[in-house]
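Visitor: What follows is the file coords12.cif, containing mmCIF, C-alpha atoms:
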data_data
#
loop_
_atom_site.label_atom_id
_atom_site.label_comp_id
_atom_site.auth_asym_id
_atom_site.auth_seq_id
_atom_site.Cartn_x
_atom_site.Cartn_y
_atom_site.Cartn_z
CA MET T 1 -6.01 10.14 -23.89
CA SER T 2 -2.30 10.78 -23.28
CA ALA T 3 0.22 7.97 -22.99
CA GLY T 4 0.80 8.78 -19.32
CA LYS T 5 -2.88 8.74 -18.55
CA ARG T 6 -3.33 5.48 -20.45
CA GLU T 7 -0.56 3.90 -18.36
CA ASN T 8 -2.28 5.00 -15.16
CA VAL T 9 -5.59 3.44 -16.18
CA GLU T 10 -3.90 0.14 -17.02
CA ILE T 11 -2.85 -0.26 -13.40
CA GLY T 12 -6.41 -0.13 -12.20
CA ALA T 13 -7.59 -2.55 -14.87
CA ALA T 14 -4.80 -5.08 -14.84
CA GLY T 15 -3.87 -5.02 -11.18
CA GLY T 16 -0.27 -3.91 -11.47
CA PRO T 17 2.94 -4.98 -13.17
CA ALA T 18 2.67 -8.61 -12.14
CA ALA T 19 -0.48 -9.03 -14.20
CA ALA T 20 1.38 -8.29 -17.41
CA SER T 21 4.65 -10.02 -16.64
CA GLY T 22 3.76 -13.58 -17.57
CA SER T 23 2.75 -13.09 -21.22
CA GLY T 24 3.97 -16.58 -22.16
CA GLY T 25 2.12 -19.50 -20.60
CA GLY T 26 5.16 -21.72 -21.04
CA ARG T 27 7.41 -19.27 -19.24
CA ALA T 28 4.92 -19.00 -16.39
CA LEU T 29 4.87 -22.81 -16.07
CA LEU T 30 8.66 -22.84 -15.92
CA GLY T 31 8.45 -20.17 -13.21
CA VAL T 32 6.05 -22.35 -11.23
CA LEU T 33 8.44 -25.29 -11.68
CA VAL T 34 11.28 -23.20 -10.21
CA VAL T 35 9.09 -22.35 -7.22
CA LEU T 36 8.15 -26.02 -6.74
CA LEU T 37 11.77 -27.17 -6.88
CA LEU T 38 12.87 -24.59 -4.32
CA ALA T 39 9.87 -25.50 -2.15
CA ALA T 40 10.88 -29.18 -2.27
CA ALA T 41 14.42 -28.19 -1.25
CA THR T 42 12.96 -26.14 1.63
CA ARG T 43 10.90 -29.09 2.83
CA TYR T 44 13.97 -31.34 2.70
CA LEU T 45 16.05 -28.90 4.74
CA ASP T 46 13.26 -28.35 7.26
CA LYS T 47 12.91 -32.09 7.89
CA ASN T 48 16.58 -33.13 7.78
CA VAL T 49 18.79 -30.29 9.03
CA PRO T 50 17.85 -30.74 12.72
CA ASP T 51 18.82 -34.44 12.56
CA LEU T 52 22.01 -33.75 10.58
CA LEU T 53 23.18 -31.11 13.07
CA GLU T 54 22.08 -32.93 16.23
CA GLY T 55 24.97 -33.35 18.63
CA THR T 56 27.10 -30.67 16.94
CA ALA T 57 27.87 -27.09 17.96
CA LEU T 58 25.12 -25.96 15.55
CA GLY T 59 22.54 -28.36 16.90
CA ASP T 60 20.50 -25.73 18.74
CA ILE T 61 20.43 -23.45 15.71
CA GLY T 62 19.39 -26.30 13.43
CA ALA T 63 16.51 -27.19 15.75
CA ALA T 64 15.36 -23.56 16.05
CA VAL T 65 15.32 -22.59 12.35
CA GLU T 66 11.86 -23.03 10.81
CA TYR T 67 10.76 -23.53 7.20
CA PRO T 68 10.03 -19.84 6.44
CA VAL T 69 13.72 -19.06 6.93
CA TYR T 70 14.87 -21.76 4.50
CA ALA T 71 12.18 -20.81 1.98
CA ILE T 72 13.05 -17.12 1.88
CA ILE T 73 16.82 -17.75 1.76
CA LEU T 74 16.41 -20.21 -1.11
CA GLY T 75 14.06 -17.77 -2.85
CA LEU T 76 16.62 -14.98 -2.60
CA ALA T 77 19.37 -17.32 -3.84
CA GLY T 78 17.18 -18.35 -6.76
CA ASN T 79 16.45 -14.69 -7.44
CA ALA T 80 20.18 -13.94 -7.66
CA VAL T 81 20.85 -16.86 -10.02
CA LEU T 82 17.91 -16.09 -12.31
CA THR T 83 18.76 -12.39 -12.39
CA ALA T 84 22.40 -13.14 -13.28
CA THR T 85 21.31 -15.45 -16.10
CA GLY T 86 18.69 -13.03 -17.41
CA LEU T 87 15.82 -15.45 -16.77
CA ARG T 88 14.12 -13.83 -13.81
CA ASP T 89 11.77 -11.47 -15.64
CA ARG T 90 10.87 -14.17 -18.18
CA LEU T 91 9.78 -16.58 -15.44
CA ALA T 92 8.20 -14.02 -13.09
CA GLY T 93 4.68 -14.96 -14.18
CA GLY T 94 5.05 -18.16 -12.17
CA PHE T 95 6.01 -16.44 -8.91
CA ARG T 96 2.44 -16.32 -7.61
CA THR T 97 2.97 -15.11 -4.04
CA GLU T 98 -0.53 -13.71 -3.63
CA PHE T 99 -2.25 -16.89 -4.84
CA PHE T 100 -0.07 -19.17 -2.71
CA ILE T 101 -0.45 -17.15 0.47
CA LYS T 102 -4.21 -16.70 0.14
CA THR T 103 -4.69 -20.41 -0.47
CA GLY T 104 -2.51 -21.17 2.53
CA LEU T 105 -4.51 -18.80 4.73
CA VAL T 106 -7.83 -20.31 3.66
CA LEU T 107 -6.43 -23.71 4.67
CA LEU T 108 -5.21 -22.18 7.94
CA GLY T 109 -8.81 -21.25 8.69
CA ALA T 110 -9.64 -24.97 8.83
CA SER T 111 -7.27 -25.43 11.79
CA ILE T 112 -8.65 -22.47 13.78
CA ASN T 113 -11.76 -23.10 15.82
CA LEU T 114 -14.56 -20.68 14.94
CA LYS T 115 -14.79 -19.71 18.62
CA VAL T 116 -11.24 -18.32 18.45
CA ILE T 117 -12.09 -16.16 15.43
CA VAL T 118 -15.25 -14.84 17.08
CA THR T 119 -13.44 -14.15 20.37
CA ALA T 120 -10.52 -12.41 18.66
CA ALA T 121 -12.69 -10.44 16.22
CA GLY T 122 -13.54 -7.67 18.70
CA PRO T 123 -10.01 -6.69 19.72
CA ALA T 124 -8.74 -7.33 16.18
CA ILE T 125 -11.26 -4.91 14.70
CA ILE T 126 -10.42 -2.24 17.28
CA GLN T 127 -6.71 -2.70 16.66
CA ALA T 128 -7.15 -2.59 12.88
CA ILE T 129 -9.21 0.62 12.88
CA VAL T 130 -6.96 2.51 15.30
CA LEU T 131 -3.72 1.27 13.74
CA ILE T 132 -4.71 1.87 10.12
CA ALA T 133 -6.02 5.36 10.88
CA ALA T 134 -2.95 6.39 12.90
CA VAL T 135 -0.32 5.00 10.52
CA PHE T 136 -2.11 6.06 7.34
CA LEU T 137 -2.57 9.65 8.51
CA PHE T 138 1.03 9.89 9.76
CA THR T 139 2.41 8.57 6.46
CA TRP T 140 0.16 10.89 4.44
CA TRP T 141 1.24 13.89 6.55
CA LEU T 142 4.97 13.08 6.41
CA GLY T 143 4.82 12.42 2.67
CA GLY T 144 3.26 15.83 2.21
CA ARG T 145 5.91 17.50 4.35
CA LEU T 146 8.63 15.93 2.18
CA GLY T 147 6.90 16.93 -1.04
CA LEU T 148 5.93 13.52 -2.38
CA ASP T 149 3.41 13.29 -5.21
CA ASP T 150 -0.12 12.77 -3.86
CA ARG T 151 -0.51 9.46 -5.67
CA LEU T 152 2.74 8.10 -4.26
CA ARG T 153 1.70 9.33 -0.81
CA ALA T 154 -1.54 7.36 -1.16
CA LEU T 155 0.27 4.16 -2.19
CA LEU T 156 2.82 4.36 0.62
CA SER T 157 0.15 5.20 3.20
CA ALA T 158 -2.06 2.28 2.18
CA ALA T 159 0.85 -0.16 1.93
CA VAL T 160 2.40 0.54 5.32
CA SER T 161 -0.88 0.85 7.22
CA ILE T 162 -2.87 -2.09 5.81
CA CYS T 163 -1.26 -5.03 4.04
CA GLY T 164 1.61 -4.11 1.79
CA VAL T 165 1.59 -4.90 -1.91
CA SER T 166 -2.09 -5.85 -2.10
CA ALA T 167 -3.12 -2.54 -0.52
CA ALA T 168 -0.71 -0.64 -2.78
CA ILE T 169 -2.20 -2.29 -5.87
CA ALA T 170 -5.73 -1.49 -4.72
CA ALA T 171 -4.75 2.11 -3.93
CA ALA T 172 -3.01 2.42 -7.32
CA GLY T 173 -6.25 1.61 -9.05
CA ALA T 174 -8.18 3.99 -6.84
CA VAL T 175 -5.92 7.00 -7.42
CA GLN T 176 -4.73 6.13 -10.97
CA ALA T 177 -1.08 5.95 -9.92
CA ARG T 178 1.79 5.57 -12.34
CA ARG T 179 3.33 2.15 -12.87
CA GLU T 180 6.72 3.17 -11.50
CA GLN T 181 5.07 4.51 -8.32
CA LEU T 182 3.54 1.10 -7.72
CA ALA T 183 6.93 -0.53 -8.32
CA TYR T 184 8.52 1.82 -5.74
CA SER T 185 5.88 0.98 -3.16
CA ALA T 186 6.00 -2.78 -3.76
CA SER T 187 9.79 -2.84 -3.51
CA LEU T 188 9.76 -0.87 -0.25
CA VAL T 189 7.17 -3.23 1.23
CA ILE T 190 9.27 -6.31 0.48
CA ALA T 191 12.54 -4.67 1.54
CA PHE T 192 11.12 -3.79 4.97
CA ALA T 193 9.07 -6.97 5.40
CA LEU T 194 11.93 -9.41 4.87
CA PRO T 195 14.02 -8.39 7.91
CA SER T 196 10.85 -7.98 9.99
CA ILE T 197 10.12 -11.69 9.54
CA PHE T 198 13.15 -12.47 11.71
CA ILE T 199 13.50 -9.32 13.84
CA LEU T 200 9.98 -9.22 15.32
CA PRO T 201 9.92 -12.86 16.54
CA TRP T 202 13.33 -12.24 18.13
CA LEU T 203 12.12 -9.03 19.79
CA ALA T 204 8.97 -10.80 20.99
CA GLY T 205 11.24 -13.24 22.83
CA VAL T 206 13.43 -10.44 24.19
CA PHE T 207 10.34 -8.58 25.49
CA GLY T 208 8.87 -11.78 26.93
CA LEU T 209 5.61 -11.39 25.03
CA SER T 210 3.01 -14.13 25.21
CA PRO T 211 2.36 -15.94 21.90
CA GLU T 212 -1.00 -14.19 21.57
CA VAL T 213 0.43 -10.69 22.11
CA ALA T 214 3.36 -11.48 19.83
CA GLY T 215 0.95 -12.67 17.16
CA ALA T 216 -1.18 -9.54 17.43
CA TRP T 217 1.95 -7.37 17.22
CA ILE T 218 3.24 -9.22 14.19
CA GLY T 219 -0.15 -9.23 12.46
CA GLY T 220 -0.65 -5.53 13.06
CA ASN T 221 2.84 -4.43 12.13
CA ILE T 222 4.34 -6.41 9.24
CA ASP T 223 2.97 -5.13 5.95
CA THR T 224 2.49 -8.25 3.83
CA THR T 225 0.25 -11.19 4.66
CA ALA T 226 2.94 -13.63 3.56
CA ALA T 227 5.56 -12.07 5.83
CA VAL T 228 3.08 -11.99 8.74
CA THR T 229 2.47 -15.69 8.27
CA ALA T 230 6.20 -16.41 8.11
CA ALA T 231 6.94 -14.46 11.30
CA GLY T 232 3.96 -15.96 13.10
CA ALA T 233 5.06 -19.45 12.12
CA ILE T 234 8.50 -18.80 13.61
CA VAL T 235 6.96 -17.85 16.97
CA GLY T 236 4.53 -20.79 17.02
CA ASP T 237 1.04 -21.99 16.14
CA ASP T 238 -0.77 -19.82 18.71
CA ALA T 239 1.02 -16.69 17.51
CA LEU T 240 0.33 -17.65 13.89
CA ALA T 241 -3.39 -18.04 14.61
CA VAL T 242 -3.72 -14.60 16.23
CA ALA T 243 -1.43 -12.93 13.68
CA SER T 244 -3.53 -14.32 10.84
CA ILE T 245 -6.82 -13.16 12.38
CA VAL T 246 -5.41 -9.67 12.98
CA LYS T 247 -4.01 -9.41 9.46
CA VAL T 248 -7.19 -10.81 7.87
CA THR T 249 -9.16 -8.16 9.76
CA GLN T 250 -6.87 -5.45 8.38
CA ASN T 251 -7.17 -6.93 4.89
CA ALA T 252 -10.94 -6.69 5.13
CA LEU T 253 -10.57 -2.91 5.45
CA ILE T 254 -8.79 -2.57 2.10
CA GLY T 255 -12.15 -1.93 0.49
CA VAL T 256 -13.05 0.84 2.92
CA VAL T 257 -9.72 2.63 2.47
CA THR T 258 -9.67 2.36 -1.32
CA ILE T 259 -13.24 3.59 -1.63
CA ALA T 260 -12.27 6.58 0.53
CA LEU T 261 -9.21 7.21 -1.65
CA THR T 262 -11.28 6.91 -4.82
CA ALA T 263 -13.72 9.52 -3.55
CA TYR T 264 -11.01 11.81 -2.17
CA PHE T 265 -8.99 11.87 -5.39
CA ALA T 266 -12.03 12.11 -7.62
CA PHE T 267 -13.72 14.94 -5.74
CA ARG T 268 -10.83 16.73 -4.01
CA ILE T 269 -7.44 16.08 -5.64
CA GLU T 270 -8.51 15.74 -9.28
CA ARG T 271 -11.82 17.65 -9.07
CA ARG T 272 -13.17 16.07 -12.25
CA ALA T 273 -16.75 17.01 -12.99
CA ASP T 274 -17.41 13.67 -14.70
CA ALA T 275 -15.99 11.47 -11.90
CA GLU T 276 -18.22 8.55 -10.96
CA ARG T 277 -19.34 8.21 -7.38
CA PRO T 278 -17.98 5.02 -5.78
CA GLY T 279 -20.74 2.65 -4.67
CA LEU T 280 -21.27 -0.76 -3.09
CA GLY T 281 -20.19 -2.50 -6.28
CA GLU T 282 -16.80 -0.81 -6.10
CA PHE T 283 -16.48 -1.76 -2.45
CA TRP T 284 -17.18 -5.42 -3.28
CA ARG T 285 -14.64 -5.35 -6.12
CA ARG T 286 -11.96 -4.13 -3.70
CA PHE T 287 -12.91 -6.47 -0.86
CA PRO T 288 -10.35 -9.31 -0.38
CA LYS T 289 -12.49 -12.39 -1.11
CA PHE T 290 -10.06 -14.82 0.53
CA VAL T 291 -11.21 -13.45 3.91
CA LEU T 292 -14.55 -15.16 3.31
CA GLY T 293 -12.75 -18.41 2.45
CA PHE T 294 -10.76 -18.19 5.68
CA VAL T 295 -13.92 -17.83 7.78
CA ALA T 296 -15.82 -20.46 5.76
CA ALA T 297 -13.02 -22.98 6.24
CA SER T 298 -13.14 -22.39 9.99
CA VAL T 299 -16.94 -22.79 10.08
CA ILE T 300 -16.86 -26.02 8.06
CA ALA T 301 -13.97 -27.52 10.04
CA THR T 302 -15.50 -26.58 13.41
CA TRP T 303 -18.80 -28.22 12.42
CA TRP T 304 -17.16 -31.31 10.92
CA LEU T 305 -14.89 -31.91 13.92
CA SER T 306 -17.98 -31.95 16.13
CA THR T 307 -19.40 -34.88 14.10
CA VAL T 308 -16.39 -37.25 14.06
CA THR T 309 -14.16 -38.93 16.60
CA ALA T 310 -11.17 -37.05 17.97
CA ALA T 311 -8.74 -39.42 16.23
CA ASP T 312 -10.39 -39.01 12.82
CA GLY T 313 -10.57 -35.25 13.27
CA LYS T 314 -6.91 -35.00 14.25
CA ALA T 315 -5.84 -37.07 11.24
CA THR T 316 -7.84 -34.97 8.78
CA ILE T 317 -6.69 -31.65 10.19
CA GLY T 318 -3.13 -33.00 10.04
CA VAL T 319 -3.50 -33.52 6.29
CA VAL T 320 -4.95 -30.03 5.86
CA ASN T 321 -2.15 -28.51 7.91
CA ASP T 322 0.50 -30.29 5.84
CA LEU T 323 -1.09 -28.96 2.65
CA ARG T 324 -1.21 -25.50 4.21
CA VAL T 325 2.52 -25.66 5.01
CA TRP T 326 3.26 -26.54 1.40
CA PHE T 327 1.35 -23.51 0.10
CA LEU T 328 3.04 -21.24 2.64
CA ILE T 329 6.46 -22.55 1.61
CA LEU T 330 5.56 -21.79 -2.03
CA ALA T 331 4.58 -18.27 -0.95
CA PHE T 332 7.76 -17.64 1.03
CA VAL T 333 9.94 -18.90 -1.83
CA SER T 334 8.06 -16.53 -4.15
CA ILE T 335 8.73 -13.62 -1.79
CA GLY T 336 12.46 -14.16 -2.22
CA LEU T 337 12.12 -14.60 -5.97
CA GLU T 338 10.09 -11.40 -6.38
CA PHE T 339 12.38 -9.10 -4.43
CA ARG T 340 13.86 -6.28 -6.56
CA VAL T 341 16.72 -3.99 -5.58
CA ALA T 342 16.63 -1.83 -8.74
CA SER T 343 13.30 -0.18 -7.93
CA LEU T 344 14.58 0.90 -4.52
CA ARG T 345 17.62 2.56 -6.09
CA GLU T 346 15.39 4.55 -8.44
CA ALA T 347 13.03 5.75 -5.71
CA GLY T 348 15.44 8.17 -4.05
CA TRP T 349 15.67 8.82 -0.33
CA ARG T 350 12.36 10.58 0.34
CA PRO T 351 9.97 7.64 -0.24
CA VAL T 352 12.37 5.40 1.68
CA GLY T 353 12.52 7.90 4.54
CA VAL T 354 8.74 8.20 4.69
CA PHE T 355 8.27 4.43 4.65
CA ALA T 356 10.96 3.88 7.30
CA ALA T 357 9.47 6.50 9.64
CA ALA T 358 5.96 5.12 9.14
CA THR T 359 7.19 1.58 9.81
CA LEU T 360 8.73 2.72 13.10
CA VAL T 361 5.46 4.38 14.12
CA ASN T 362 3.63 1.21 13.12
CA VAL T 363 5.95 -0.93 15.29
CA VAL T 364 5.37 1.21 18.38
CA VAL T 365 1.61 1.72 18.00
CA ALA T 366 0.99 -1.93 17.09
CA LEU T 367 2.94 -3.12 20.15
CA GLY T 368 0.95 -0.83 22.44
CA LEU T 369 -2.37 -1.99 20.97
CA ALA T 370 -1.35 -5.65 21.13
CA LEU T 371 -0.44 -5.34 24.81
CA LEU T 372 -3.64 -3.47 25.55
CA LEU T 373 -6.05 -5.68 23.62
CA PHE T 374 -4.50 -9.17 23.67
CA SER T 375 -2.84 -9.51 27.09
CA GLY T 376 -4.55 -12.47 28.75
CA PHE T 377 -6.07 -13.65 25.48
CA ASP T 378 -6.02 -17.46 25.20
CA VAL T 379 -6.15 -19.27 21.86
CA GLY T 380 -6.71 -22.47 23.86
#
The structure given in the file should be rewritten as structure tokens.
Guide:
Amino acid sequence: MSAGKRENVEIGAAGGPAAASGSGGGRALLGVLVVLLLAAATRYLDKNVPDLLEGTALGDIGAAVEYPVYAIILGLAGNAVLTATGLRDRLAGGFRTEFFIKTGLVLLGASINLKVIVTAAGPAIIQAIVLIAAVFLFTWWLGGRLGLDDRLRALLSAAVSICGVSAAIAAAGAVQARREQLAYSASLVIAFALPSIFILPWLAGVFGLSPEVAGAWIGGNIDTTAAVTAAGAIVGDDALAVASIVKVTQNALIGVVTIALTAYFAFRIERRADAERPGLGEFWRRFPKFVLGFVAASVIATWWLSTVTAADGKATIGVVNDLRVWFLILAFVSIGLEFRVASLREAGWRPVGVFAAATLVNVVVALGLALLLFSGFDVG
């Protein structure tokens, strides 16, 4: 086996660069400590800035800024400091964005009545299928027109149409992509997701969208689950609930897309006679398990709230929500800490152009679907 081929296989087995970054347990713990300290600073700012600025010219801004903004800004500042001191890569094993966000979303499920999930499931599934198909095929076509490598086309198409880095990692394993191609895709996802966290909630207000439509637009458009949650939180709890359901529905289709990519590359692109046929086991391996936790938390909470008094139920859900906010803050801080500029510089203009064009298509199609499917929807 050649060195290049061996590197490709490692992506599928290890799950991408992040899996190998934290070789030292002590360094990873220090990385987690950095995240915790920045999260504590975020919490302090979120609770105290509105009071400190009350009655000043910046009072309205202080009251409007939510914790995702502080978390990401502090994460980016920490990123700059750690990069300048040469510590960033050593501590990167502790920047566990995926773990933090998935835990936060499972806890979010406890605050969403099961009836809301069931009611939103129909339009969310329709939106996910139409949106993923349209954006994936457009990205694949444009990448081909600009002469991108088929594996990079697959990563970009999966990332922009489904759920960002997680989809890119899954697609990398399916098509045996090179490590640098995964780094390109992950960097593009983060670079485009960060401004979207603030731009889409602002545009939702400009367009006068209801919280439910805004949430469906955000959930269908922004590529990473963490960024979707941040943007949804800025708009409000109702938007966050719908955005999370829409994004969870898209996440559930990662398995379907990666199985299709595995088969397509094995039997069409690579044409290997010894390629294994993907089966149900492969589908289950790709399936995002946290989706089941999200639904299970909603089922358990809905049942439990029906057995206790309203006061007891409100107090318990309040504790769960506070814990959920902490995990989301940890995730948003990690987003800022994980951002890399170097990989974008190395990618050249063509992958950036493809991703930008696909993102624009995603914005327009997702808005149309959100208006069509979620106008009049009531989280209630």
Visitor: Nearest to T:Asp322 among T:Leu292, T:Ala77, T:Ala110, T:Leu53, with distances taken over all atoms listed in the file: which residue is it?
Guide: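 Of all the options, T:Ala110 lies closest to T:Asp322.
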Visitor: Run the PyMOL selection byres ((chain T and resi 104) around 9) mentally over the shown coordinates, then write out the matched residues as number ranges by chain, using the chain letters and numbers from the document.
Guide: T: 99-103, 105-109, 323-328, 331
Visitor: List the residues selected by the PyMOL selection byres ((chain T and resi 231-247) around 9) in the file shown, writing them as a PyMOL selection string.
Guide: chain T and resi 64-69+105+108-109+111-112+116-117+120-121+123-125+127-128+162-163+196-202+204-205+210-230+248-252+378-380
Visitor: Write the residues of the preceding selection, restricted to C-alpha atoms, as a PDB file, keeping the file's coordinate frame.
Guide:
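Generated output (again.pdb):
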ATOM      1  CA  ALA T  64      15.360 -23.560  16.050  1.00  0.00           C
ATOM      2  CA  VAL T  65      15.320 -22.590  12.350  1.00  0.00           C
ATOM      3  CA  GLU T  66      11.860 -23.030  10.810  1.00  0.00           C
ATOM      4  CA  TYR T  67      10.760 -23.530   7.200  1.00  0.00           C
ATOM      5  CA  PRO T  68      10.030 -19.840   6.440  1.00  0.00           C
ATOM      6  CA  VAL T  69      13.720 -19.060   6.930  1.00  0.00           C
ATOM      7  CA  LEU T 105      -4.510 -18.800   4.730  1.00  0.00           C
ATOM      8  CA  LEU T 108      -5.210 -22.180   7.940  1.00  0.00           C
ATOM      9  CA  GLY T 109      -8.810 -21.250   8.690  1.00  0.00           C
ATOM     10  CA  SER T 111      -7.270 -25.430  11.790  1.00  0.00           C
ATOM     11  CA  ILE T 112      -8.650 -22.470  13.780  1.00  0.00           C
ATOM     12  CA  VAL T 116     -11.240 -18.320  18.450  1.00  0.00           C
ATOM     13  CA  ILE T 117     -12.090 -16.160  15.430  1.00  0.00           C
ATOM     14  CA  ALA T 120     -10.520 -12.410  18.660  1.00  0.00           C
ATOM     15  CA  ALA T 121     -12.690 -10.440  16.220  1.00  0.00           C
ATOM     16  CA  PRO T 123     -10.010  -6.690  19.720  1.00  0.00           C
ATOM     17  CA  ALA T 124      -8.740  -7.330  16.180  1.00  0.00           C
ATOM     18  CA  ILE T 125     -11.260  -4.910  14.700  1.00  0.00           C
ATOM     19  CA  GLN T 127      -6.710  -2.700  16.660  1.00  0.00           C
ATOM     20  CA  ALA T 128      -7.150  -2.590  12.880  1.00  0.00           C
ATOM     21  CA  ILE T 162      -2.870  -2.090   5.810  1.00  0.00           C
ATOM     22  CA  CYS T 163      -1.260  -5.030   4.040  1.00  0.00           C
ATOM     23  CA  SER T 196      10.850  -7.980   9.990  1.00  0.00           C
ATOM     24  CA  ILE T 197      10.120 -11.690   9.540  1.00  0.00           C
ATOM     25  CA  PHE T 198      13.150 -12.470  11.710  1.00  0.00           C
ATOM     26  CA  ILE T 199      13.500  -9.320  13.840  1.00  0.00           C
ATOM     27  CA  LEU T 200       9.980  -9.220  15.320  1.00  0.00           C
ATOM     28  CA  PRO T 201       9.920 -12.860  16.540  1.00  0.00           C
ATOM     29  CA  TRP T 202      13.330 -12.240  18.130  1.00  0.00           C
ATOM     30  CA  ALA T 204       8.970 -10.800  20.990  1.00  0.00           C
ATOM     31  CA  GLY T 205      11.240 -13.240  22.830  1.00  0.00           C
ATOM     32  CA  SER T 210       3.010 -14.130  25.210  1.00  0.00           C
ATOM     33  CA  PRO T 211       2.360 -15.940  21.900  1.00  0.00           C
ATOM     34  CA  GLU T 212      -1.000 -14.190  21.570  1.00  0.00           C
ATOM     35  CA  VAL T 213       0.430 -10.690  22.110  1.00  0.00           C
ATOM     36  CA  ALA T 214       3.360 -11.480  19.830  1.00  0.00           C
ATOM     37  CA  GLY T 215       0.950 -12.670  17.160  1.00  0.00           C
ATOM     38  CA  ALA T 216      -1.180  -9.540  17.430  1.00  0.00           C
ATOM     39  CA  TRP T 217       1.950  -7.370  17.220  1.00  0.00           C
ATOM     40  CA  ILE T 218       3.240  -9.220  14.190  1.00  0.00           C
ATOM     41  CA  GLY T 219      -0.150  -9.230  12.460  1.00  0.00           C
ATOM     42  CA  GLY T 220      -0.650  -5.530  13.060  1.00  0.00           C
ATOM     43  CA  ASN T 221       2.840  -4.430  12.130  1.00  0.00           C
ATOM     44  CA  ILE T 222       4.340  -6.410   9.240  1.00  0.00           C
ATOM     45  CA  ASP T 223       2.970  -5.130   5.950  1.00  0.00           C
ATOM     46  CA  THR T 224       2.490  -8.250   3.830  1.00  0.00           C
ATOM     47  CA  THR T 225       0.250 -11.190   4.660  1.00  0.00           C
ATOM     48  CA  ALA T 226       2.940 -13.630   3.560  1.00  0.00           C
ATOM     49  CA  ALA T 227       5.560 -12.070   5.830  1.00  0.00           C
ATOM     50  CA  VAL T 228       3.080 -11.990   8.740  1.00  0.00           C
ATOM     51  CA  THR T 229       2.470 -15.690   8.270  1.00  0.00           C
ATOM     52  CA  ALA T 230       6.200 -16.410   8.110  1.00  0.00           C
ATOM     53  CA  VAL T 248      -7.190 -10.810   7.870  1.00  0.00           C
ATOM     54  CA  THR T 249      -9.160  -8.160   9.760  1.00  0.00           C
ATOM     55  CA  GLN T 250      -6.870  -5.450   8.380  1.00  0.00           C
ATOM     56  CA  ASN T 251      -7.170  -6.930   4.890  1.00  0.00           C
ATOM     57  CA  ALA T 252     -10.940  -6.690   5.130  1.00  0.00           C
ATOM     58  CA  ASP T 378      -6.020 -17.460  25.200  1.00  0.00           C
ATOM     59  CA  VAL T 379      -6.150 -19.270  21.860  1.00  0.00           C
ATOM     60  CA  GLY T 380      -6.710 -22.470  23.860  1.00  0.00           C
TER      61      GLY T 380
END
Visitor: With only C-alpha atoms as the basis for distance, which of T:Gly143, T:Gly368, T:Gly164, T:Gly94 is at the shortest distance from T:Val32?
Guide: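 Looking at the shortest contact to T:Val32, the residue is T:Gly94.
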Visitor: Could you work out how far atom CA of T:Arg340 lies from atom CA of T:Trp140, giving the answer in Å with one decimal?
Guide: 24.6 Å
Visitor: Leaving out T:Gln181 and any residue of its chain fewer than 6 positions from it, which residues lie within 9 Å of it when counting all atoms listed in the file, given as a JSON list (two decimals) with C-alpha atoms, keeping the file's coordinate frame?
Guide:
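Once written, selection34.json looks like this:
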[["chain", "number", "residue", "atom", "x", "y", "z"],
["T", 151, "ARG", "CA", -0.51, 9.46, -5.67],
["T", 152, "LEU", "CA", 2.74, 8.10, -4.26],
["T", 155, "LEU", "CA", 0.27, 4.16, -2.19],
["T", 172, "ALA", "CA", -3.01, 2.42, -7.32],
["T", 347, "ALA", "CA", 13.03, 5.75, -5.71]]
Visitor: How far is it from atom CA of T:Ala159 to atom CA of T:Val354, in Å with one decimal?
Guide: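 Result for atom CA of T:Ala159 versus atom CA of T:Val354: 11.8 Å, one decimal.
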Visitor: From the list T:Ala311, T:Ile317, T:Arg88, T:Gly208, which residue is nearest T:Leu371 when using only C-alpha atoms?
Guide: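 Using only C-alpha atoms, T:Leu371 sits closest to T:Gly208.
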Visitor: Got a sec to resolve the PyMOL selection byres ((chain T and resi 38-40) around 8) on this structure and send the residues as a list in words?
Guide: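 In the shown coordinates, the PyMOL selection byres ((chain T and resi 38-40) around 8) covers Val34, Val35, Leu36, Leu37, Ala41, Thr42, Arg43, Tyr44, Ala71, Leu74, Gly75, Gly78, Trp326, Ile329, Leu330 and Val333 of chain T.
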Visitor: T:Leu188: which residues within 8 Å, counting all atoms listed in the file, same-chain residues fewer than 2 positions away excluded, as a PyMOL selection string?
Guide: chain T and resi 184-186+190-192+344+352+355
